[in-house]
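Working notes, beginning with the structure itself.
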Amino acid sequence: MYKIKDQALIKTCSYIAGNWQSSQTSFDVLNPATGETVAQVSDASVEEATLAVAAANKAFKAWSALPAHERAKLLRNWFNLMMEHQDDLARILTLEQGKPLAEAKGEIAYGAGFIEWFAEEGKRVYGDTIPSLSPNQKVIVTKQAVGVVASITPWNFPNAMITRKAAAALAAGCTFVVRPATQTPLSALAMAELAERAGIPAGVFNVVVGEDAVGIGQVLTTHPDIAKFTFTGSTAVGKILIKQCASTVKKVSMELGGNAPFIVFNDADIDEAVKGAIISKYRNAGQTCVCTNRIFVQKEVLASFTERFAVAVKNLQVGNGIEDDIQIGPMISSTAVDGVIKLVDDSISQGAILHTGGNRHHAGSHFYQPTVLTNVTPDMSVARNEIFGPVSPIISFDSEDEVIAMANNTEYGLAAYFYARDIGRVWRVAQALEYGMIGINESIISNVAAPFGGVKQSGSGREGSKYGLDDYLEIKYLCMGGISQ
Ligand code: NAP
């Protein structure tokens, strides 16, 4: 299928306890660029989800008891296999998700990178000895794997949103069950195939693919054998899942939505700001949680920024991501396109000015033209909501205080970006922005060594970096008495 060299990577059943588990019914995985069926996948139910939890629970004892060095060797095998099959994995990803092939290859390298990173970090789970208050006691702190981890992941990064969690969990000694988004199960299943080839034991990594998001979600958030639940997706769904996790007081981490400001001050390098805004806005057709959502430009540089930015946006190549030189692929669904059309039309009716784009793209029903709007005000819905599409609303501002207030005036706090050269301003603004991640004269901020995560309603916990293991470890305090003779 579709020039994929290793056809065994195309799996169509859930992977549970080291077995490919078929179900009685199936659903279609569609190519968002063409509407064609890419594969028919067995539709797992609550029953299979429960089996996966049992498998992960059974595997936990042996996996957590392995020395970290042994787990690291298996994770390293998994990383190597993913990089060896980077082209095939990228093709599978583009076919089910739509992003251009070059971006998909980048996602595979980024996703695999977490496996390599945490294979190493797992060897450095240190404890503490703490000076005791009594000569008769020793105070020792150790860290242990939390247990079985369950997760639910979105369609926009079908590979990396899984590895960012699974790699940390497995390195810490946890076992793992993931339910990937219905639109993009094939990437998760291909990863399971490679995990098996890497020698990761049965039950350690399980993938449950099923359309019943709510039913499977209930199992993964309420099952008493699950110690931790981790979710990446919208804030609205995250809130429901947090509530469900309360019934068994699970450890919870959440990577949720964003409303990233991108601020261009009058002392910025405008060409760099234009380049940065293009990357941070239009990557993945605007469907990333850290995508620029609102562009604020200081009045003195508004005209020069807008002119150069609109030209660059107009030149973006839109089309089927599997073809050469495409920069913007389809959106995930026609419903998603309808949502963007509504946001743009509403803004124009309220006074926004259209500079380029503003319509469906002739490439197909899931495509939307890269769009730039000016004269936008912060109260318009395009500035208040996560757009999740290739649309840039530009808002002008006068002063630093004004733009900081506007940038922070949102319930979200994931990523923010600003371009400025004055060192005092750089420090002041970086301190004042209420966000978990700030790009300063930089628009690509995520990498394996850096802590990814948000504040406010963008979530809790951090993924990647040396902090990424913390969510998968419990602190245990040992108080040893009877020391004095
Ligand atoms: P979503 O609607 O919240 O869905 C995410 C996942 O949750 C999907 O697997 C979905 O399954 C499942 N789901 C939906 N409702 C559920 C329920 N009631 N119970 C259990 N599972 C449920 O989000 P999305 O539209 O797919 O993804 C986009 C959102 O994710 C954006 O808000 C984006 O900002 C956020 N995101 C955040 C990060 C981050 O790191 N902070 C990264 C990527 C994306 P189905 O697909 O099968 O319905």
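Order determines the names: the first chain of the structure tokens is A, the second B, and so forth; residues in each chain are numbered 1 upward, and ligands are numbered 1 upward as they are shown.
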
Query - Who sits within 8 Å of region 195-200 of chain A, only C-alpha atoms, same chain under 6 positions skipped, as JSON, numbers by chain - result: {"A": [18, 74, 75, 77, 78, 81]}

Restrict the calculation to only C-alpha atoms and all ligand atoms, then for each residue of chain A with any atom at most 8 Å from an atom of ligand 1 give the closest atom pair and their distance in Å to one decimal, rows by chain and rising residue number, as a Markdown table.
| residue | atom | partner | partner_atom_place_in_ligand_line | distance |
| --- | --- | --- | --- | --- |
| A:Ile152 | CA | ligand 1 | 9 (O) | 5.4 |
| A:Thr153 | CA | ligand 1 | 9 (O) | 4.7 |
| A:Pro154 | CA | ligand 1 | 26 (O) | 4.2 |
| A:Trp155 | CA | ligand 1 | 26 (O) | 5.4 |
| A:Asn156 | CA | ligand 1 | 43 (C) | 6.1 |
| A:Phe157 | CA | ligand 1 | 43 (C) | 6.5 |
| A:Met161 | CA | ligand 1 | 42 (C) | 6.7 |
| A:Arg179 | CA | ligand 1 | 9 (O) | 6.6 |
| A:Pro180 | CA | ligand 1 | 9 (O) | 5.2 |
| A:Ala181 | CA | ligand 1 | 9 (O) | 3.4 |
| A:Thr182 | CA | ligand 1 | 47 (O) | 3.9 |
| A:Gln183 | CA | ligand 1 | 46 (O) | 6.1 |
| A:Gly210 | CA | ligand 1 | 47 (O) | 7.3 |
| A:Glu211 | CA | ligand 1 | 47 (O) | 5.5 |
| A:Asp212 | CA | ligand 1 | 47 (O) | 7.0 |
| A:Ala213 | CA | ligand 1 | 21 (N) | 4.4 |
| A:Val214 | CA | ligand 1 | 19 (N) | 4.0 |
| A:Gly215 | CA | ligand 1 | 19 (N) | 7.2 |
| A:Ile216 | CA | ligand 1 | 20 (C) | 6.7 |
| A:Gly217 | CA | ligand 1 | 20 (C) | 3.9 |
| A:Gln218 | CA | ligand 1 | 19 (N) | 6.8 |
| A:Phe231 | CA | ligand 1 | 7 (O) | 7.5 |
| A:Thr232 | CA | ligand 1 | 37 (C) | 5.1 |
| A:Gly233 | CA | ligand 1 | 30 (O) | 3.1 |
| A:Ser234 | CA | ligand 1 | 32 (O) | 3.4 |
| A:Thr235 | CA | ligand 1 | 32 (O) | 6.1 |
| A:Ala236 | CA | ligand 1 | 3 (O) | 6.6 |
| A:Val237 | CA | ligand 1 | 3 (O) | 4.7 |
| A:Gly238 | CA | ligand 1 | 3 (O) | 6.6 |
| A:Ile240 | CA | ligand 1 | 18 (N) | 6.6 |
| A:Leu241 | CA | ligand 1 | 19 (N) | 6.5 |
| A:Met254 | CA | ligand 1 | 41 (N) | 7.3 |
| A:Glu255 | CA | ligand 1 | 41 (N) | 3.5 |
| A:Leu256 | CA | ligand 1 | 41 (N) | 4.0 |
| A:Gly257 | CA | ligand 1 | 34 (O) | 3.3 |
| A:Gly258 | CA | ligand 1 | 34 (O) | 5.2 |
| A:Gln287 | CA | ligand 1 | 33 (C) | 7.4 |
| A:Thr288 | CA | ligand 1 | 43 (C) | 5.8 |
| A:Cys289 | CA | ligand 1 | 34 (O) | 3.4 |
| A:Val290 | CA | ligand 1 | 34 (O) | 7.0 |
| A:Glu386 | CA | ligand 1 | 32 (O) | 6.9 |
| A:Phe388 | CA | ligand 1 | 31 (C) | 7.2 |
| A:Leu414 | CA | ligand 1 | 41 (N) | 6.7 |
| A:Phe452 | CA | ligand 1 | 40 (O) | 7.1 |
| A:Gly453 | CA | ligand 1 | 41 (N) | 6.2 |
| A:Gly454 | CA | ligand 1 | 41 (N) | 6.8 |
| A:Ser458 | CA | ligand 1 | 41 (N) | 6.4 |
| A:Gly459 | CA | ligand 1 | 41 (N) | 6.9 |

Query raised in the report: Which one of A:Leu194, A:Ile440, A:Ile10, A:Ala49 sits closest to Arg428 (chain A) if you count only C-alpha atoms?
Result: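 Nearest to Arg428 (chain A): A:Ile440.
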
Can you pull out the residues contacting Ala415 (chain A)? Cut-off 7 Å, using only C-alpha atoms, and skip same-chain residues under 3 positions away; I want them as a PDB file with N, CA and C atoms, in the first residue's frame.
ATOM      1  N   GLY A 258      -4.509  25.402  23.745  1.00  0.00           N
ATOM      2  CA  GLY A 258      -3.756  26.647  23.892  1.00  0.00           C
ATOM      3  C   GLY A 258      -4.404  27.787  23.121  1.00  0.00           C
ATOM      4  N   ALA A 260      -2.090  30.589  21.806  1.00  0.00           N
ATOM      5  CA  ALA A 260      -0.764  31.225  21.872  1.00  0.00           C
ATOM      6  C   ALA A 260      -0.744  32.618  21.264  1.00  0.00           C
ATOM      7  N   VAL A 290       0.450  24.285  20.205  1.00  0.00           N
ATOM      8  CA  VAL A 290       1.325  25.438  20.427  1.00  0.00           C
ATOM      9  C   VAL A 290       1.316  26.397  19.232  1.00  0.00           C
ATOM     10  N   TYR A 435       2.462  31.788  30.798  1.00  0.00           N
ATOM     11  CA  TYR A 435       2.487  30.616  29.918  1.00  0.00           C
ATOM     12  C   TYR A 435       3.559  29.638  30.395  1.00  0.00           C
ATOM     13  N   GLY A 436       3.373  28.363  30.073  1.00  0.00           N
ATOM     14  CA  GLY A 436       4.350  27.355  30.475  1.00  0.00           C
ATOM     15  C   GLY A 436       5.600  27.358  29.611  1.00  0.00           C
ATOM     16  N   MET A 437       5.473  27.841  28.360  1.00  0.00           N
ATOM     17  CA  MET A 437       6.611  27.822  27.426  1.00  0.00           C
ATOM     18  C   MET A 437       6.621  29.136  26.654  1.00  0.00           C
ATOM     19  N   ILE A 438       7.802  29.737  26.571  1.00  0.00           N
ATOM     20  CA  ILE A 438       7.906  31.028  25.875  1.00  0.00           C
ATOM     21  C   ILE A 438       9.013  30.947  24.827  1.00  0.00           C
TER      22      ILE A 438
END

**Report entry** Nearest candidate to Ile387 (chain A) (options A:Val448, A:Tyr417, A:His366, A:Cys291; using only C-alpha atoms)
**Finding:**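 With only C-alpha atoms as the atom set, the closest residue is A:Cys291.
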
Query - All strand (DSSP E) residues (DSSP, backbone) inside region 129-302 of chain A, as JSON, numbers by chain - result: {"A": [129, 130, 138, 139, 140, 141, 142, 143, 144, 145, 148, 149, 150, 151, 152, 175, 176, 177, 178, 179, 205, 206, 207, 226, 227, 228, 229, 230, 231, 232, 251, 252, 253, 254, 255, 260, 261, 262, 263, 264, 292, 293, 294, 295, 296, 297, 298]}

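Excluding Ala363 (chain A) itself and same-chain residues fewer than 6 positions from it, the residues having an atom within 12 Å of it are Pro32, Ala33, Thr34, Gly35, Gln317, Val318, Gly319, Asn320, Gly321, Ile326, Ile328, Gly329, Pro330, Met331 and Gln369 of chain A, counting only C-alpha atoms.
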
Export all heavy atoms of the chosen residues as a short mmCIF file (atom, residue, chain, number, x, y, z; two decimals), in the first residue's frame?
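And here's part10.cif as it stands now:
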data_model
loop_
_atom_site.label_atom_id
_atom_site.label_comp_id
_atom_site.auth_asym_id
_atom_site.auth_seq_id
_atom_site.Cartn_x
_atom_site.Cartn_y
_atom_site.Cartn_z
N PRO A 32 -7.49 12.11 4.91
CA PRO A 32 -8.18 13.39 4.89
C PRO A 32 -7.93 14.20 3.61
O PRO A 32 -8.70 15.10 3.29
CB PRO A 32 -7.64 14.13 6.12
CG PRO A 32 -6.40 13.43 6.51
CD PRO A 32 -6.48 12.03 5.99
N ALA A 33 -6.87 13.85 2.88
CA ALA A 33 -6.58 14.58 1.63
C ALA A 33 -7.52 14.15 0.50
O ALA A 33 -7.86 14.96 -0.36
CB ALA A 33 -5.13 14.37 1.22
N THR A 34 -7.92 12.87 0.50
CA THR A 34 -8.68 12.35 -0.65
C THR A 34 -10.04 11.79 -0.27
O THR A 34 -10.88 11.55 -1.13
CB THR A 34 -7.88 11.19 -1.29
OG1 THR A 34 -7.73 10.15 -0.29
CG2 THR A 34 -6.51 11.63 -1.77
N GLY A 35 -10.24 11.51 1.01
CA GLY A 35 -11.49 10.88 1.45
C GLY A 35 -11.47 9.37 1.26
O GLY A 35 -12.42 8.67 1.63
N GLN A 317 2.39 26.45 -0.35
CA GLN A 317 1.85 25.47 -1.29
C GLN A 317 0.88 24.54 -0.57
O GLN A 317 1.27 23.83 0.37
CB GLN A 317 2.99 24.63 -1.89
CG GLN A 317 3.93 25.40 -2.78
CD GLN A 317 3.19 26.05 -3.95
OE1 GLN A 317 2.42 25.40 -4.65
NE2 GLN A 317 3.39 27.35 -4.13
N VAL A 318 -0.36 24.52 -1.02
CA VAL A 318 -1.40 23.70 -0.38
C VAL A 318 -1.67 22.48 -1.25
O VAL A 318 -1.73 22.59 -2.47
CB VAL A 318 -2.71 24.52 -0.23
CG1 VAL A 318 -3.80 23.68 0.42
CG2 VAL A 318 -2.46 25.80 0.57
N GLY A 319 -1.84 21.31 -0.64
CA GLY A 319 -2.19 20.12 -1.43
C GLY A 319 -2.07 18.85 -0.62
O GLY A 319 -1.89 18.89 0.61
N ASN A 320 -2.15 17.72 -1.32
CA ASN A 320 -2.04 16.41 -0.68
C ASN A 320 -0.61 16.23 -0.15
O ASN A 320 0.36 16.28 -0.92
CB ASN A 320 -2.35 15.34 -1.73
CG ASN A 320 -2.40 13.94 -1.13
OD1 ASN A 320 -1.85 13.70 -0.05
ND2 ASN A 320 -3.08 13.03 -1.82
N GLY A 321 -0.48 16.04 1.16
CA GLY A 321 0.82 16.02 1.81
C GLY A 321 1.75 14.92 1.33
O GLY A 321 2.96 14.97 1.57
N ILE A 326 4.76 20.08 -0.86
CA ILE A 326 3.54 20.62 -0.25
C ILE A 326 3.88 21.14 1.15
O ILE A 326 4.60 20.49 1.90
CB ILE A 326 2.44 19.53 -0.20
CG1 ILE A 326 1.99 19.17 -1.62
CG2 ILE A 326 1.26 19.96 0.68
CD1 ILE A 326 1.37 20.30 -2.41
N ILE A 328 1.22 22.87 3.13
CA ILE A 328 -0.01 22.82 3.94
C ILE A 328 -0.89 21.69 3.42
O ILE A 328 -1.32 21.71 2.26
CB ILE A 328 -0.81 24.14 3.82
CG1 ILE A 328 0.09 25.35 4.07
CG2 ILE A 328 -2.03 24.10 4.72
CD1 ILE A 328 -0.05 26.00 5.37
N GLY A 329 -1.16 20.74 4.27
CA GLY A 329 -2.02 19.63 3.89
C GLY A 329 -3.47 19.94 4.24
O GLY A 329 -3.84 21.09 4.53
N PRO A 330 -4.30 18.89 4.24
CA PRO A 330 -5.72 19.08 4.57
C PRO A 330 -5.91 19.29 6.07
O PRO A 330 -5.02 19.00 6.86
CB PRO A 330 -6.33 17.74 4.17
CG PRO A 330 -5.21 16.77 4.35
CD PRO A 330 -3.96 17.49 3.97
N MET A 331 -7.08 19.78 6.43
CA MET A 331 -7.46 19.74 7.84
C MET A 331 -8.02 18.34 8.11
O MET A 331 -8.27 17.57 7.20
CB MET A 331 -8.47 20.83 8.13
CG MET A 331 -7.85 22.22 7.92
SD MET A 331 -8.96 23.53 8.41
CE MET A 331 -9.15 23.17 10.15
N GLN A 369 -7.83 27.67 2.62
CA GLN A 369 -6.74 28.56 2.18
C GLN A 369 -6.04 29.18 3.39
O GLN A 369 -6.71 29.65 4.31
CB GLN A 369 -7.31 29.70 1.34
CG GLN A 369 -7.92 29.25 0.02
CD GLN A 369 -8.63 30.41 -0.68
OE1 GLN A 369 -9.01 31.40 -0.07
NE2 GLN A 369 -8.79 30.27 -1.99
#

Report task. Using only C-alpha atoms, pick whichever of A:Val372, A:Leu101, A:Cys13, A:Leu30 has the shortest atom-to-atom distance to Ile395 (chain A). Result ->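 That would be A:Val372, the residue with the smallest distance to Ile395 (chain A).
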
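For the atom pair formed by CA of Asp346 (chain A) and CA of His362 (chain A), the distance is 21.9 Å, given to one decimal.
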
Report task. In Å, rounded to a single decimal, give me how far CA of Ala59 (chain A) is from CA of Tyr126 (chain A). Result ->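 These two atoms are separated by 23.8 Å.
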
Query raised in the report: Leaving out Thr175 (chain A) and any residue of its chain fewer than 2 positions from it, which residues lie within 10 Å of it when counting only C-alpha atoms, given as a PyMOL selection string?
Result: chain A and resi 53+55-61+63-64+145-150+166+169-173+177+203-206+226

**Report entry** Expected answer as a ChimeraX atom specification: alpha helix (DSSP H) residues in region 16-259 of chain A
**Finding:** /A:46-65,68-84,86-97,101-121,160-172,185-197,213-222,235-246

Requested in this report: Mind giving me the straight-line distance from CA of Ile263 (chain A) to CA of Thr356 (chain A) in Å, one decimal?
Outcome: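 CA of Thr356 (chain A) lies at a distance of 20.5 Å from CA of Ile263 (chain A).
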